[in-house]
Every structure is written in C-alpha cells, then in structure tokens.
Amino acid sequence: MTVPRRWTRRIGRLLFAPLLAGAAAVAAPAADLKIDRLHWEKDVDGAAPIRRLEIRNDFGDVRARRAEDRRIEASAVVQRLDADPAGVGFTVERHGPVVALVVAYPPGHVRDADPNPPKDSYDRLDLVVYVPEGVALRAETLRGRIEIRGLKSDVEAATLDGPLSVVTTGSLRARTAGGAITAVVEAAALAHPENGPMLFESGTGAITVTVPERAPIDLRAETSGPLSSEIRMHRKQGARTRAWKASGRSRRLVLVRSDTGAIQVLRDER
C-alpha cells in the first residue's frame with residue numbers, strides 16, 4: 001500500500017493504516033493477516049539541516065543502509081496480527097537538527113498487563129531506513145534485530161535481547177543485554193582514528209568481531225566467559241579474561257566487553 005504524498009510531507013503525524021480510507025491491503029498466506037506498507041522521506045540539507053536520526057522500534061526489526069543521495073528514507077512493512085483496529089504505525093517528529101522516528105500504537109491501545117506478551121499478540125512492523133553520509137544514527141529495539149551496513153556515520157545501536165550486526169566507518173557503540181552482536185571492523189574504518197572509538201558491549205550475549213590483522217588498531221577484549229581469537233593477542237587470565245593487541249602508529253580503539261558472554265575475534269581474510 002502506498003501512502004499518499006501529503007503524508008510524507010507532514011512531520012509529527014501518526015501513519016496508521018486504518019486511517020487510510022479505501023486503501024487495499026496485500027493478501028497474506030493467512031486469511032486474517034493483512035500486510036500494510038508505510039513510507040516517509042525527507043531531505044537532510046538546507047537552511048536547517050538534519051544531523052541525527054533516532055529510531056525506536058519495539059515491534060520489529062530495524063535495518064539501516066547508506067543513502068546514495070541526501071535524503072533520509074524510511075519504509076515499513078506491517079503485519080496486522082492484532083484484532084484491535086487501531087494498529088501499530090510510526091510517528092516522525094523534528095527537534096532542531098534531530099529527527100525522531102518512533103514505532104507505536106495510538107495512545108491508550110497498548111496492553112501492558114502481560115510483562116512477556118507473545119510476539120503474535122501485537123502487530124509487527126519491520127523498518128528499513130536509508131541514512132545519508134554524516135547523519136548520525138541511533139537505533140533501539142526490544143527483541144527485534146538491528147542490522148546496519150555500509151554507513152559512513154556515527155552509530156549507536158541497542159537491543160534488549162535481539163541480534164545486532166553493524167558495519168560503519170564512524171564512531172560506534174553497540175549494546176545488548178542478552179542478544180548476540182556480530183560486527184566487521186573494516187580497514188577503511190581503522191584508517192580514521194579521529195572518528196572515535198568503536199565499542200561493543202553485552203550482558204550475557206555472545207560477541208563476534210572480525211578485524212583485519214595488519215591494520216593499525218588498539219583492540220581490547222574482556223569477559224568472564226570464554227574468549228578466543230584467530231589473531232595473536234596478549235592475554236591475562238583471572239576472574240575476567242582480558243586480551244589486547246596494539247599495532248601501528250595511529251591506532252583506533254576497538255573495545256569488546258561482556259559480563260558473561262563469549263567473545264570471539266575473527267581474522268578478516270580479505
């Protein structure tokens with residue numbers, strides 16, 4: 001379903017499919033399941049440029065890719081699983097140089113009696129965003145996946161127990177409580193230590209980081225769980241295992257830290 005153009009020009013308004021009179025839903029395999037599609041986009045440059053995009057999605061996944069132009073684009077696929085006619089959608093609000101995109105039900109329609117509701121009791125909304133170079137991204141989910149590839153921006157990404165994978169050249173902080181983190185630190189990112197540190201943190205979740213062996217790097221890893229590495233690192237064993245490697249003159253800090261999760265450092269063979 002295509003949202004009329006007038007919706008894409010209005011910031012701060014709910015994009016709920018039930019409000020789109022006469023729109024046809026795409027048939028899904030289940031007879032009572034509807035699929036809706038929502039879209040929003042905005043130029044980031046101009047007299048009041050957008051410098052940061054903040055996303056909160058407690059009802060599905062977030063995938064981010066680098067935009068080829070100077071427009072933020074957000075596209076959502078919504079699976080209508082909830083019998084409540086006021087379904088999940090997203091709001092977009094502008095606060096100075098920051099745009100906040102929040103996935104939510106309309107006020108008063110969220111059932112909070114069950115602390116661990118089944119996934120199929122709510123609508124599901126999966127979001128794909130295209131982020132121009134230099135626009136910082138902050139993305140959060142509960143159980144959903146966050147997948148970030150090819151960005152040239154500062155990134156903050158956090159999940160409660162959803163999986164998280166990140167590739168960016170900017171500064172980075174990736175955090176999860178019980179989810180798994182998978183990251184590739186490319187040589188192009190290590191060539192710019194001025195962009196700031198790259199931090200990977202978990203509570204119980206496993207962390208797998210792939211790094212080039214010969215690039216300049218200040219790599220530090222620490223956990224009370226198992227720690228393994230395909231590249232040669234100094235190691236100190238105790239209540240918490242610590243491993244580190246420093247090479248090159250201009251080093252970028254890559255910090256990998258978990259409370260009890262397993263840490264694996266892989267060698268980039270490219």
# chains A, B, ... in the order shown; residues from 1 in each chain; ligands from 1
>>> closest_atom_pairs(of="stretch 78-138 of chain A", to="stretch 31-43 of chain A", cutoff="9 Å", atoms="only C-alpha atoms", output="tab-separated table")
residue	atom	partner	partner_atom	distance
A:Val78	CA	A:Asp36	CA	5.0
A:Gln79	CA	A:Ile35	CA	4.8
A:Arg80	CA	A:Lys34	CA	5.2
A:Leu81	CA	A:Leu33	CA	6.2
A:Gly89	CA	A:Leu38	CA	8.1
A:Phe90	CA	A:Leu38	CA	8.6
A:Val92	CA	A:Trp40	CA	8.6
>>> write_last_selection(atoms="N, CA and C atoms", output="compact mmCIF listing (two decimals), in the first residue's frame")
# COMPACT_ATOMS: atom_id res chain seq x y z
N VAL A 78 4.18 -3.74 7.62
CA VAL A 78 3.42 -4.01 8.83
C VAL A 78 2.60 -5.27 8.64
N GLN A 79 2.77 -6.23 9.54
CA GLN A 79 1.91 -7.41 9.58
C GLN A 79 0.83 -7.18 10.64
N ARG A 80 -0.41 -7.13 10.20
CA ARG A 80 -1.52 -6.87 11.12
C ARG A 80 -1.94 -8.16 11.82
N LEU A 81 -1.42 -8.36 13.05
CA LEU A 81 -1.68 -9.56 13.83
C LEU A 81 -2.70 -9.32 14.93
N GLY A 89 1.86 1.86 14.01
CA GLY A 89 2.38 2.68 12.92
C GLY A 89 3.62 3.40 13.42
N PHE A 90 4.02 4.50 12.76
CA PHE A 90 5.14 5.26 13.31
C PHE A 90 4.85 6.74 13.25
N VAL A 92 6.82 10.62 13.26
CA VAL A 92 8.07 11.30 12.94
C VAL A 92 8.00 12.70 13.51
>>> residues_around(residues="stretch 233-238 of chain A", least_positions_apart="6", cutoff="9 Å", atoms="only C-alpha atoms", output="PDB file with C-alpha atoms, in the first residue's frame")
ATOM      1  CA  LEU A 219      41.997  -3.848  20.242  1.00  0.00           C
ATOM      2  CA  SER A 224      34.228 -13.547  32.436  1.00  0.00           C
ATOM      3  CA  TRP A 244      44.673  -6.972  23.801  1.00  0.00           C
ATOM      4  CA  LYS A 245      46.624  -6.078  20.692  1.00  0.00           C
ATOM      5  CA  ALA A 246      48.144  -2.730  19.689  1.00  0.00           C
TER       6      ALA A 246
END
>>> atom_distance(atom1="atom CA of A:Arg251", atom2="atom CA of A:Arg214")
11.6 Å
>>> closest_residue(among="A:Asp268, A:Asp69, A:Glu54, A:Glu140", to="A:Gly162", atoms="only C-alpha atoms")
A:Glu140
>>> residues_around(residues="stretch 252-265 of chain A", least_positions_apart="6", cutoff="7 Å", atoms="only C-alpha atoms", output="number ranges by chain")
A: 190, 193, 197-210, 216-230
>>> select_by_dssp(residues="stretch 11-227 of chain A", states="strand (DSSP E or B)", output="ChimeraX atom specification")
/A:26-27,34-43,52-57,62-66,71-80,89-95,98-104,124-131,136-141,146-151,155-159,164-168,172-176,181-184,198-202,207-211,217-223,227
>>> select_by_dssp(residues="stretch 2-172 of chain A", states="helix (DSSP H, G or I)", output="number ranges by chain")
A: 5-8, 17-19, 119-121
>>> closest_residue(among="A:Arg65, A:Arg111, A:Arg232, A:Arg70", to="A:Leu127", atoms="only C-alpha atoms")
A:Arg65
>>> closest_residue(among="A:Asn195, A:Thr241, A:Asn57, A:Thr176", to="A:Val88", atoms="only C-alpha atoms")
A:Asn57
>>> residues_around(residues="A:Ser153", least_positions_apart="4", cutoff="12 Å", atoms="only C-alpha atoms", output="list in words")
Arg51, Arg52, Leu53, Ala64, Arg65, Arg66, Ala67, Tyr130, Val131, Pro132, Glu133, Gly134, Val135, Ala136, Leu137, Arg138, Ile148, Arg149, Val166, Val167, Thr168, Thr169, Gly170, Ser171, Leu172, Arg173, Ala189, Asn195 and Gly196 of chain A
